[in-house]
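To start, the structure under review is shown below, and the notes come after it.
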Amino acid sequence: MIQLRSLTAGYNGKSVVENVTLEFRPGQVLALLGPNGSGKSTLLKAALGLIPVMGGQVLYDGADMTSLSHRQIAQKAAFLTQNRPLSSILGLRMVLHGRFPYLSYPRRYSKTDYAIARQAMDATGTRPYENTNISKLSGGQRQGIYLAMALAQKTETILMDEPTTYLDIRRQLEFVQTARTLAREGKAVVLVLHDIPMALRSADRIAVLRGGKLLCCDTPEAVYAGGTLDEVFGVSVHRMDTPHGPQYYCVAKEAF
Amino acid sequence: MNNWQTSSIRRPKCLLWAALLLLTILAAAGSLWLGSVAISPAEVFSALLGQGGNSTAAKIVLFSRLPRTLAALLSGAALAVSGAVIQTVLNNPLASPGIIGVNSGAGLAVALLCAAAPAAQRFSAVAAFIGALLSVLLVLGLSERTGASRITLVLAGVAISNLFSAGIDTVVTFVPDALSGVSDFRIGGFHGVTMARLTLPAVLIAVSLLAVCSLSQQLDVLALGSDTARSLGLPVGSVRFLLLVLAAALSGAAVSFSGLLGFVGLIVPHAMRRLVGADSFPLLAASALGGACFVTICDLLARVLFAPFELPVGVVLAFAGVPFFLWLLFRQRGGRT
């Protein structure tokens with residue numbers, strides 16, 4: 001399990017997230033919410049050691065991150081970035097890169113690596129694109145390939161930075177459903193989301209950031225009831241009971 | 001998301017590799033055989049096997065055409081692979097050793113060495129490597145420190161390149177003999193290349209090519225972007241630095257005997273990416289073969305088109321390469337790939 005203890009991190013000596021204490025618990029989906037520039041992406045990068053930690057600690061299964069190598073961290077936590085260059089490679093080849101943290105000299109993928117990559121493609125429904133150049137795929141299909149790459153990494157924790165941003169609504173729902181399945185299988189899943197209703201509906205816990213500070217971290221019900229989201233986003237969040245369970249929606253405050 | 005690493009054209013890959021290899025061998029054979037003096041293939045063979053004695057044909061083959069052919073093969077392979085590496089490491093399709101100032105940095109270092117210590121010309125490959133390395137580090141530093149966009153990076157590279165070119169002009173103005181045949185050096189050419197002058201650069205190029213190929217898996221992961229590469233456990237900073245050192249060694253070694261051959265490092269990796277895809281190992285191998293073949297053919301054309309007069313190979317490279325490259329670009333724009 002990854003634990004952030006009074007974590008302060010940022011860029012070029014300037015802190016973007018300050019004094020954040022948070023746990024990424026196995027078997028749970030944690031949604032990170034906050035306005036633009038609140039430090040959500042920075043928090044994920046700091047948790048992975050991609051940017052320098054300026055204060056506090058990041059613990060991986062109790063061990064300080066600074067005592068772990070890049071490879072060791074990559075074997076414990078996978079990361080779906082928000083943006084990446086679009087390579088012109090086949091789907092399977094892309095997913096195989098998820099096995100990179102396990103490669104030793106001469107760095108050639110083994111039959112086991114191929115088998116794991118194909119399993120990951122099955123789990124994300126991307127096996128049909130095994131031999132398709134990913135530059136030819138739609139945004140949703142490509143995101144499935146990236147998720148398969150993260151699954152092939154075989155980590156206990158998966159961090160995803162705005163994974164649903166470029167997806168249509170059906171793909172968004174499917175993607176979040178996959179995240180829930182992964183949590184049920186015991187993984188700690190962390191999602192940076194902008195869609196408040198989707199986060200409230202799908203996550204086990206919601207963490208709300210503003211100006212780099214963690215305002216609260218609790219169950220969706222408790223966060224909704226506490227009114228933090230209304231205050232942070234300047235909207236009114238409402239709940240209604242439906243045959244499909246509680247559903248949430250947001251309206252602009254000026255409307256009332 | 002950028003889509004500059006464009007898709008490969010689907011065709012039987014083994015046929016493609018065989019064609020590329022055959023074309024390179026034919027280009028090298030043609031370069032040994034053809035020239036302003038008519039020499040038969042039999043005379044070329046006997047000269048290469050050391051059976052030509054003291055004949056004029058044997059002397060021409062061994063002391064003029066063979067070093068020249070090897071120089072063309074080596075510089076083409078080195079500059080194309082260097083370009084492929086620089087484009088991937090800087091994640092910039094417009095980057096190449098010629099455009100971001102690596103070649104002119106190497107050229108300036110060679111000019112300074114030749115002006116300051118004419119007797120040490122045999123170490124020009126080392127000087128060129130140092131010049132190329134400083135240039136590439138300057139561009140990398142600019143890229144990382146300022147977070148410059150791709151276009152800004154290329155513009156900065158062009159500015160740096162011009163600065164180094166002005167430096168070469170300054171050296172040549174004060175020490176006119178620094179770069180004998182300076183017009184050849186500026187345009188690029190293989191006139192007067194000897195086996196002795198090729199030895200050190202050839203070793204440097206061979207070692208660097210092997211090292212770059214051994215890092216192809218890392219190059220693949222680096223192409224996924226810095227954050228993804230780091231999250232996959234790649235020590236991005238050190239791998240990027242190492243790859244740029246090797247790219248500098250390749251272009252520096254090539255510049256030390258070929259002069260400022262432009263364009264090879266830009267167009268050959270792009271053309272090969274379209275043929276074999278973006279996977280690093282095939283891309284590097286295809287760039288090496290494609291670069292060697294392209295420069296050798298251009299050098300052959302430079303020698304025979306207006307024989308006995310000779311064009312600098314850089315001129316032929318531009319005349320042959322630019323239309324071909326534009327055709328590739330428009331072909332893709334037209335959606336026919």
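Letters A, B, ... mark the chains of the structure tokens in the order given; residue numbers begin at 1 per chain; ligand numbers begin at 1, in order shown.
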* **Test item: residues at most 10 Å from A:Arg118, only C-alpha atoms, excluding those fewer than 2 positions along its chain, as an MDAnalysis selection string** => chainID A and resid 92 95:96 112:116 120:124 126:127 130 148:149 152
Go ahead and write the residues just picked, C-alpha atoms, as an mmCIF file, in the first residue's frame.
```
data_model
loop_
_atom_site.group_PDB
_atom_site.id
_atom_site.type_symbol
_atom_site.label_atom_id
_atom_site.label_comp_id
_atom_site.auth_asym_id
_atom_site.auth_seq_id
_atom_site.Cartn_x
_atom_site.Cartn_y
_atom_site.Cartn_z
ATOM 1 C CA LEU A 92 0.702 -5.852 -28.455
ATOM 2 C CA VAL A 95 1.259 -3.438 -24.005
ATOM 3 C CA LEU A 96 4.515 -5.390 -23.778
ATOM 4 C CA THR A 112 5.802 -15.229 -20.137
ATOM 5 C CA ASP A 113 5.864 -11.486 -20.854
ATOM 6 C CA TYR A 114 3.888 -12.056 -24.066
ATOM 7 C CA ALA A 115 1.365 -14.235 -22.186
ATOM 8 C CA ILE A 116 0.897 -11.582 -19.475
ATOM 9 C CA ALA A 120 -4.017 -7.782 -19.977
ATOM 10 C CA MET A 121 -5.415 -7.154 -23.460
ATOM 11 C CA ASP A 122 -8.149 -9.721 -22.820
ATOM 12 C CA ALA A 123 -9.034 -7.981 -19.544
ATOM 13 C CA THR A 124 -9.452 -4.640 -21.289
ATOM 14 C CA THR A 126 -8.264 -4.835 -26.623
ATOM 15 C CA ARG A 127 -7.053 -8.241 -27.852
ATOM 16 C CA GLU A 130 -3.033 -6.867 -30.972
ATOM 17 C CA ALA A 148 -3.664 -2.967 -20.692
ATOM 18 C CA MET A 149 -0.044 -1.773 -20.558
ATOM 19 C CA ALA A 152 0.713 -5.888 -17.707
#
```
* To do: Please provide the set of residues having any atom within 10 Å of B:Ser104, restricted to only C-alpha atoms, with same-chain residues fewer than 2 positions apart removed, written as an MDAnalysis selection string.
  => chainID B and resid 97:102 106:110 128 131:132 135 160:168 186 252 255 259:262
* Asked: What's the 8 Å shell around stretch 36-49 of chain A, counting only C-alpha atoms, without same-chain residues fewer than 2 positions away, as a list in words?
  ->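 In the requested format, the answer is Ile2, Leu4, Ala9, Gly10, Val16, Val17, Leu32, Leu33, Gly34, Ile51, Pro52, Val53, Val58, Met65, Ile73, Ala77, Leu159, Asp161, Val192, Leu209, Arg210, Gly211, Gly212 and Lys213 of chain A; Ser231 of chain B.
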* Skipping near chain neighbours, those fewer than 4 positions away, what residues fall within 8 Å of stretch 319-328 of chain B using only C-alpha atoms, listed as a PyMOL selection string? -> chain B and resi 263+267+271+298+315+332
Kindly save the residues from that selection, with N, CA and C atoms included, as a compact mmCIF listing (two decimals), in the first residue's frame.
```
# COMPACT_ATOMS: atom_id res chain seq x y z
N PHE B 263 20.75 17.39 -43.91
CA PHE B 263 19.53 16.76 -44.39
C PHE B 263 19.43 15.25 -44.23
N ILE B 267 15.88 13.46 -43.14
CA ILE B 267 14.94 12.79 -44.04
C ILE B 267 15.02 11.27 -43.98
N ALA B 271 11.83 8.77 -43.60
CA ALA B 271 11.48 7.84 -44.68
C ALA B 271 11.45 6.41 -44.16
N CYS B 298 24.18 9.23 -53.82
CA CYS B 298 24.35 10.66 -54.12
C CYS B 298 25.80 10.99 -54.45
N VAL B 315 25.38 18.96 -52.44
CA VAL B 315 24.49 19.56 -53.44
C VAL B 315 23.55 18.49 -54.00
N GLN B 332 1.63 11.38 -47.63
CA GLN B 332 0.94 11.08 -46.38
C GLN B 332 -0.23 12.03 -46.17
```
* To do: Give me the residues within 8 Å of B:Thr194 as a ChimeraX atom specification, counting only C-alpha atoms and dropping any in the same chain fewer than 6 places off.
  => /B:63-64,67-68
* Would you please work out which residue, of A:Gly125, A:Pro26, A:Gly13, A:Gly227, is nearest to A:Leu215 when using only C-alpha atoms? =>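 Counting only C-alpha atoms, the residue closest to A:Leu215 is A:Gly227.
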* To do: Please provide as a PyMOL selection string all residues within 9 Å of stretch 13-30 of chain B, with the sequence filter that same-chain residues fewer than 2 positions apart are discarded (counting only C-alpha atoms).
  => chain B and resi 10-11+32-35+41+69-70+72-73+275-276+286+289-290+292-294+296-297+300
* Structure fact -> The residue from B:Val158, B:Ala80, B:Ile130, B:Leu224 with the smallest atom-to-atom distance to chain A, counting only C-alpha atoms, is B:Leu224
* To do: Can you work out which one of B:Gly105, B:Pro282, B:Gly52, B:Pro93 has the shortest atom-to-atom distance to B:Asp220, counting only C-alpha atoms?
  => B:Pro282
Do you have, as a tab-separated table, the list of residues of chain A lying at most 8 Å from chain B, each with its nearest atom pair and that distance in Å to one decimal, counting only C-alpha atoms and ordered by chain then number?
```
residue	atom	partner	partner_atom	distance
A:Leu48	CA	B:Ser231	CA	7.0
A:Leu50	CA	B:Arg230	CA	6.6
A:Ser69	CA	B:Gly233	CA	7.9
A:His70	CA	B:Gly233	CA	4.4
A:Arg71	CA	B:Gly233	CA	4.2
A:Gln72	CA	B:Gly233	CA	7.4
A:Ile73	CA	B:Gly233	CA	7.0
A:Ala74	CA	B:Gly233	CA	5.1
A:Ala77	CA	B:Ser231	CA	7.9
A:Ala78	CA	B:Ser231	CA	6.5
A:Phe79	CA	B:Ser231	CA	6.2
A:Leu80	CA	B:Thr228	CA	7.4
A:Thr81	CA	B:Thr228	CA	6.6
A:Asn83	CA	B:Met1	CA	6.6
A:Arg84	CA	B:Gly225	CA	5.5
A:Pro85	CA	B:Met1	CA	5.4
A:Leu86	CA	B:Asn3	CA	5.4
A:Ser87	CA	B:Gln5	CA	5.8
A:Ser88	CA	B:Ser7	CA	5.4
A:Ile89	CA	B:Ala278	CA	6.1
A:His97	CA	B:Val221	CA	6.9
A:Gly98	CA	B:Leu232	CA	6.9
A:Phe100	CA	B:Leu232	CA	6.3
A:Pro101	CA	B:Gly233	CA	5.4
A:Arg107	CA	B:Gln217	CA	6.9
A:Asn133	CA	B:Ser7	CA	7.1
A:Ser135	CA	B:Ser7	CA	6.9
```
* To do: Based on DSSP run over this structure's backbone, return all residues of stretch 51-183 of chain B in alpha helix (DSSP H), as number ranges by chain.
  => B: 56-60, 66-89, 102-116, 124-146, 150-174, 182-183
